[in-house]
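Have a look at entry-v3.txt; it's compact mmCIF, C-alpha atoms:
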# COMPACT_ATOMS: atom_id res chain seq x y z
CA MET A 20 -4.11 -131.15 -10.63
CA LYS A 21 -5.15 -129.84 -7.20
CA THR A 22 -8.50 -128.09 -6.89
CA CYS A 23 -8.83 -124.59 -5.47
CA LEU A 24 -12.27 -123.30 -4.47
CA VAL A 25 -12.95 -119.73 -5.61
CA ALA A 26 -15.44 -117.71 -3.56
CA ASN A 27 -16.38 -114.11 -4.37
CA LEU A 28 -17.40 -112.29 -1.20
CA GLY A 29 -18.31 -109.04 -2.95
CA LEU A 30 -17.92 -105.85 -0.92
CA VAL A 31 -16.98 -106.87 2.61
CA GLU A 32 -15.50 -105.06 5.61
CA TYR A 33 -11.80 -105.73 6.04
CA GLY A 34 -12.18 -107.07 9.57
CA ALA A 35 -14.91 -109.51 8.55
CA ALA A 36 -12.83 -110.80 5.64
CA ARG A 37 -9.84 -111.19 7.92
CA ASP A 38 -11.89 -113.30 10.33
CA VAL A 39 -12.92 -115.62 7.48
CA GLU A 40 -9.28 -115.81 6.39
CA ARG A 41 -8.10 -116.83 9.86
CA ARG A 42 -10.72 -119.56 10.05
CA LEU A 43 -9.76 -120.84 6.61
CA VAL A 44 -6.08 -120.88 7.53
CA ALA A 45 -6.83 -123.03 10.59
CA ALA A 46 -8.96 -125.42 8.54
CA ARG A 47 -6.36 -125.61 5.76
CA LYS A 48 -3.58 -126.39 8.25
CA ALA A 49 -5.73 -129.24 9.55
CA GLY A 50 -6.36 -130.53 6.02
CA ALA A 51 -10.10 -130.03 6.51
CA LEU A 52 -10.51 -127.91 3.39
CA PRO A 53 -8.81 -127.76 -0.01
CA ASP A 54 -7.07 -124.60 -1.17
CA VAL A 55 -9.37 -121.58 -1.29
CA LEU A 56 -9.19 -118.28 -3.14
CA LEU A 57 -11.27 -115.43 -1.71
CA LEU A 58 -12.05 -112.53 -4.03
CA CYS A 59 -13.54 -109.31 -2.69
CA GLU A 60 -13.58 -105.55 -2.46
CA HIS A 61 -13.30 -103.59 0.78
CA PRO A 62 -14.84 -100.34 1.95
CA HIS A 63 -12.17 -97.66 2.41
CA VAL A 64 -9.43 -99.03 4.67
CA ILE A 65 -5.71 -98.55 5.25
CA THR A 66 -3.67 -101.52 6.43
CA GLN A 67 -0.16 -101.60 7.86
CA GLY A 68 2.14 -104.58 7.33
CA ARG A 69 4.78 -106.01 9.65
CA ALA A 70 7.56 -104.09 7.92
CA GLY A 71 5.63 -100.83 7.96
CA HIS A 72 6.20 -97.54 9.72
CA ARG A 73 3.41 -95.41 11.15
CA ARG A 74 5.08 -92.31 9.70
CA ASN A 75 3.91 -93.51 6.27
CA LEU A 76 0.33 -92.78 7.34
CA LEU A 77 -0.03 -89.13 6.35
CA ALA A 78 -3.55 -88.51 7.67
CA THR A 79 -4.63 -88.00 11.27
CA GLU A 80 -7.23 -90.21 12.93
CA ARG A 81 -9.67 -87.29 12.66
CA VAL A 82 -9.18 -87.01 8.90
CA LEU A 83 -9.58 -90.76 8.46
CA ALA A 84 -12.82 -90.67 10.45
CA GLN A 85 -14.13 -87.74 8.41
CA MET A 86 -13.39 -89.61 5.19
CA GLY A 87 -14.83 -92.90 6.43
CA VAL A 88 -11.49 -94.74 6.25
CA SER A 89 -10.72 -97.56 8.71
CA TYR A 90 -7.22 -98.54 9.84
CA PHE A 91 -5.82 -101.99 10.71
CA ASP A 92 -2.42 -103.29 11.77
CA THR A 93 -1.86 -106.68 10.12
CA ASP A 94 0.54 -109.62 10.15
CA ARG A 95 1.21 -109.55 6.40
CA GLY A 96 4.52 -108.58 4.88
CA GLY A 97 5.12 -105.19 3.35
CA ASP A 98 4.41 -101.65 4.46
CA ILE A 99 1.26 -99.54 4.28
CA THR A 100 -1.43 -99.73 1.62
CA TYR A 101 -4.99 -98.68 0.84
CA HIS A 102 -7.96 -100.84 -0.12
CA GLY A 103 -11.27 -99.54 -1.35
CA PRO A 104 -14.20 -99.98 -3.73
CA GLY A 105 -13.08 -100.61 -7.29
CA GLN A 106 -10.01 -102.55 -6.17
CA LEU A 107 -9.92 -106.33 -6.58
CA VAL A 108 -8.43 -108.04 -3.53
CA ALA A 109 -7.45 -111.70 -3.78
CA TYR A 110 -6.68 -113.80 -0.71
CA PRO A 111 -5.26 -117.25 -1.60
CA ILE A 112 -5.36 -119.67 1.34
CA LEU A 113 -3.10 -122.39 -0.03
CA GLN A 114 -0.98 -125.21 1.31
CA LEU A 115 2.14 -124.00 -0.45
CA GLY A 116 4.03 -127.06 0.77
CA GLU A 117 1.98 -129.09 -1.71
CA ILE A 118 2.71 -126.68 -4.56
CA ARG A 119 6.25 -125.37 -4.15
CA ARG A 120 8.11 -124.51 -0.94
CA ASP A 121 9.52 -121.23 -2.18
CA VAL A 122 8.21 -117.92 -0.86
CA GLY A 123 10.02 -115.86 -3.51
CA TRP A 124 8.53 -118.01 -6.26
CA TYR A 125 5.06 -117.56 -4.74
CA VAL A 126 5.33 -113.77 -4.70
CA ARG A 127 6.56 -113.76 -8.32
CA ALA A 128 3.60 -116.01 -9.21
CA LEU A 129 1.15 -113.48 -7.75
CA GLU A 130 2.87 -110.75 -9.76
CA GLU A 131 2.68 -112.89 -12.91
CA ALA A 132 -1.06 -113.40 -12.47
CA MET A 133 -1.57 -109.64 -12.36
CA ILE A 134 0.71 -109.11 -15.37
CA ARG A 135 -1.23 -111.69 -17.40
CA THR A 136 -4.58 -110.26 -16.32
CA SER A 137 -3.46 -106.79 -17.39
CA ALA A 138 -2.34 -108.15 -20.76
CA ASP A 139 -5.77 -109.75 -21.23
CA PHE A 140 -7.15 -106.20 -21.31
CA GLY A 141 -4.43 -104.77 -23.52
CA VAL A 142 -2.31 -103.22 -20.76
CA SER A 143 1.42 -103.84 -20.52
CA SER A 144 2.59 -104.11 -16.92
CA THR A 145 5.85 -105.28 -15.44
CA ARG A 146 7.97 -105.88 -12.37
CA VAL A 147 10.40 -103.24 -11.15
CA ALA A 148 13.68 -104.44 -9.66
CA GLY A 149 13.70 -104.23 -5.87
CA LYS A 150 10.01 -103.30 -5.62
CA THR A 151 7.37 -105.94 -5.00
CA GLY A 152 4.20 -105.64 -7.05
CA VAL A 153 3.20 -104.80 -10.60
CA TRP A 154 3.85 -101.50 -12.35
CA ALA A 155 2.76 -99.75 -15.55
CA ALA A 156 3.88 -96.74 -17.51
CA PRO A 157 1.53 -93.75 -17.25
CA ARG A 158 -1.00 -93.59 -20.07
CA GLY A 159 0.42 -91.72 -23.05
CA ALA A 160 4.08 -92.31 -22.08
CA ASP A 161 6.39 -93.36 -24.88
CA GLY A 162 8.09 -96.74 -25.06
CA GLY A 163 11.28 -95.34 -23.58
CA THR A 164 9.72 -94.48 -20.23
CA HIS A 165 12.14 -95.11 -17.37
CA GLN A 166 11.07 -97.50 -14.64
CA GLU A 167 11.42 -94.69 -12.09
CA THR A 168 8.28 -93.09 -13.57
CA PHE A 169 6.18 -96.27 -13.53
CA GLU A 170 3.02 -96.23 -11.43
CA LYS A 171 1.86 -99.07 -9.20
CA LEU A 172 -1.04 -101.10 -10.55
CA GLY A 173 -0.99 -104.03 -8.11
CA ALA A 174 0.37 -104.59 -4.61
CA ILE A 175 1.32 -107.76 -2.73
CA GLY A 176 1.59 -108.57 0.96
CA VAL A 177 1.57 -112.15 2.20
CA HIS A 178 1.82 -114.17 5.38
CA ILE A 179 2.89 -117.82 5.49
CA SER A 180 2.56 -120.11 8.50
CA ARG A 181 3.38 -123.84 8.30
CA TRP A 182 3.38 -123.23 4.53
CA VAL A 183 -0.25 -122.08 4.52
CA THR A 184 -0.61 -118.71 2.82
CA SER A 185 -2.86 -115.79 3.72
CA HIS A 186 -3.34 -112.16 2.66
CA GLY A 187 -2.37 -111.79 -1.02
CA LEU A 188 -2.74 -109.16 -3.72
CA ALA A 189 -4.64 -105.93 -4.40
CA TYR A 190 -5.21 -104.93 -8.02
CA ASN A 191 -6.44 -101.44 -8.88
CA VAL A 192 -9.32 -101.81 -11.33
CA ALA A 193 -11.45 -98.69 -10.90
CA THR A 194 -10.01 -97.48 -7.60
CA ASP A 195 -10.40 -93.86 -6.48
CA LEU A 196 -6.68 -93.10 -6.54
CA ARG A 197 -7.03 -89.95 -4.42
CA TYR A 198 -7.16 -92.13 -1.31
CA PHE A 199 -3.54 -93.13 -1.87
CA ASP A 200 -2.66 -89.52 -0.97
CA LEU A 201 -3.42 -90.46 2.65
CA ILE A 202 -0.32 -92.67 2.77
CA VAL A 203 3.18 -93.16 1.42
CA PRO A 204 2.21 -96.20 -0.67
CA CYS A 205 4.31 -99.23 0.27
CA GLY A 206 6.63 -96.84 2.09
CA LEU A 207 8.01 -95.55 -1.23
CA ALA A 208 7.94 -91.75 -1.35
CA GLU A 209 8.21 -91.70 -5.14
CA CYS A 210 5.43 -94.24 -5.64
CA ARG A 211 2.30 -93.20 -7.49
CA ALA A 212 -0.70 -95.48 -7.95
CA THR A 213 -2.59 -96.13 -11.15
CA SER A 214 -5.58 -98.26 -12.14
CA LEU A 215 -6.69 -100.36 -15.07
CA GLU A 216 -9.50 -97.89 -15.70
CA LYS A 217 -7.06 -94.99 -15.86
CA LEU A 218 -4.70 -96.86 -18.18
CA LEU A 219 -7.52 -97.93 -20.52
CA ASP A 220 -9.35 -94.59 -20.30
CA ARG A 221 -12.67 -96.40 -20.06
CA ALA A 222 -14.93 -97.80 -17.38
CA VAL A 223 -13.93 -101.23 -16.04
CA SER A 224 -15.63 -103.17 -13.26
CA VAL A 225 -14.20 -105.52 -10.65
CA ALA A 226 -16.83 -108.07 -11.72
CA GLU A 227 -15.27 -108.03 -15.20
CA ILE A 228 -11.76 -108.62 -13.88
CA ALA A 229 -12.30 -111.09 -11.01
CA PRO A 230 -12.92 -114.28 -13.07
CA ARG A 231 -9.91 -113.57 -15.26
CA MET A 232 -7.68 -112.99 -12.24
CA ALA A 233 -8.84 -116.28 -10.72
CA ARG A 234 -8.06 -118.11 -13.94
CA ARG A 235 -4.62 -116.56 -14.22
CA LEU A 236 -3.83 -117.43 -10.61
CA GLY A 237 -4.80 -121.01 -11.35
CA GLU A 238 -2.43 -121.06 -14.33
CA VAL A 239 0.63 -119.73 -12.51
CA LEU A 240 0.05 -121.82 -9.38
CA GLY A 241 -0.89 -125.04 -11.21
CA LEU A 242 -4.35 -125.24 -9.64
CA LYS A 243 -7.74 -126.21 -11.04
CA MET A 244 -10.07 -123.39 -10.05
CA ARG A 245 -13.67 -124.23 -9.14
CA ASP A 246 -16.30 -121.62 -8.31
CA ALA A 247 -17.88 -122.04 -4.90
CA ALA A 248 -20.57 -120.00 -3.19
CA ALA A 249 -19.54 -118.17 -0.04
CA ALA A 250 -22.29 -120.14 1.72
CA GLU A 251 -20.56 -123.41 0.78
CA ILE A 252 -17.28 -122.19 2.25
CA GLU A 253 -19.03 -121.11 5.45
CA ARG A 254 -20.86 -124.44 5.74
CA ARG A 255 -17.63 -126.39 5.42
CA LEU A 256 -15.92 -124.14 7.95
CA VAL A 257 -18.74 -124.62 10.45
CA GLU A 258 -18.59 -128.40 9.97
CA TYR A 259 -14.85 -128.39 10.66
CA GLU A 260 -15.12 -126.07 13.66
CA SER A 261 -17.98 -128.12 15.13
CA SER A 262 -15.88 -131.29 14.82
CA ILE A 263 -13.07 -129.87 16.96
CA GLU A 264 -15.21 -128.39 19.72
CA ALA A 265 -14.70 -130.03 23.09
CA PRO A 266 -17.61 -132.28 24.11
CA ALA A 267 -19.94 -130.87 26.72
CA VAL A 268 -19.30 -132.02 30.28
CA ALA A 269 -22.23 -133.97 31.75
As structure tokens - that is how I would like this structure written.
Amino acid sequence: MKTCLVANLGLVEYGAARDVERRLVAARKAGALPDVLLLCEHPHVITQGRAGHRRNLLATERVLAQMGVSYFDTDRGGDITYHGPGQLVAYPILQLGEIRRDVGWYVRALEEAMIRTSADFGVSSTRVAGKTGVWAAPRGADGGTHQETFEKLGAIGVHISRWVTSHGLAYNVATDLRYFDLIVPCGLAECRATSLEKLLDRAVSVAEIAPRMARRLGEVLGLKMRDAAAAEIERRLVEYESSIEAPAVA
């Protein structure tokens, strides 16, 4: 079974995490590192995917600045989404060609990891036909709730180049859901967001969820997950990057 290094970056600015991701993608393409899973939270930020439309950003730049929300255009799939404290973000940097060359399967695997993680905490979540991500019935709804009323618990947006994956999933643990009012989540006007904390009606921390999510990702992707300090990942990246630098001219 292939090994995947799991590094928890904690709360990290989106741009800084993206820089680490890009470096890891380059090293993974070169075979200089094994698969890596980055886990983190971000300060308030809105990101726009390749398939997105700026009209789905409902707030002006002034409002975003007043609320301390950053904005980034990205190369991931999908439309617009929000990341913030209390949301677990997982960035798998994998050589998918060594696992299974099937993008649809990979997206379903990310969904399955979130579904299994939710079930670990007693929450039933599901897929909704034609809508990427993981959904749950509002707390207190009866078993006959129609899918149209489901609320989004986890989002997915990925990028794949030479079968190396980047970006990934965002799972609402204890997210301040009011920030989703700044956007049309995923470009779906009827979409409402929910969180594990809201569904359980009790406090839940990202630190409680992160190890379980990593384990579930390992299960669905067929990877052996091994914890690694962020410093170890950085050291190995620096070693790789130093090895490819052009020699100094005498």
Open item on the list: Taking all atoms listed in the file into account, name the residue in A:Gln67, A:Asn191, A:Ser180, A:Ser137 that is nearest to Arg231 in chain A.
Closed with: A:Ser137
Task: Spatial sel., origin (-8.0, -116.9, 2.2), limit 10 Å, all atoms listed in the file, listed as a VMD selection string - done: chain A and resid 25 to 26 36 to 44 47 54 to 58 109 to 113 183 to 187
- [ ] Mind giving me the straight-line distance from CA of Val82 in chain A to CA of Thr151 in chain A in Å, one decimal?
- [x]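 Going from CA of Val82 in chain A over to CA of Thr151 in chain A covers 28.7 Å.
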- [ ] Considering all atoms listed in the file, state which residue in the set A:Asp220, A:Glu264, A:Glu227, A:Glu170 is at the smallest distance from Gln106 in chain A.
- [x]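 Closest candidate: A:Glu227.
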TODO: Mind giving me the straight-line distance from CA of Ala174 in chain A to CA of Gly152 in chain A in Å, one decimal?
DONE: 4.7 Å
TODO: Rank A:Thr100, A:Ser224, A:Thr79, A:Gln85 by their smallest atom-to-atom distance to Pro204 in chain A, using only C-alpha atoms, and report the top residue only.
DONE: A:Thr100
- [ ] Identify which of the residues A:Leu196, A:Leu215, A:Leu129, A:Met232 lies closest to Ser144 in chain A, counting only C-alpha atoms when measuring atom-to-atom distances.
- [x] A:Leu215
Open item on the list: Just checking: using only C-alpha atoms, which residue out of A:Trp124, A:Trp154, A:Tyr190, A:Trp182 ends up closest to Glu60 in chain A?
Closed with: A:Tyr190
Open item on the list: Taking (-3.3, -100.3, -25.5) as a centre in this file's frame and 9 Å as the limit, can you find every polymer residue with an atom that close, using all atoms listed in the file, and give them as a ChimeraX atom specification?
Closed with: /A:140-143,158,218-219
Task: Computed interatomic separation between CA of Val31 in chain A and CA of Pro62 in chain A (Å) - done: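 Atom-to-atom, CA of Val31 in chain A to CA of Pro62 in chain A, that is 6.9 Å.
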- [ ] Rank A:Tyr90, A:Val126, A:Arg135, A:Val192 by their smallest atom-to-atom distance to Arg221 in chain A, using all atoms listed in the file, and report the top residue only.
- [x]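 Using all atoms listed in the file, the shortest distance to Arg221 in chain A belongs to A:Val192.
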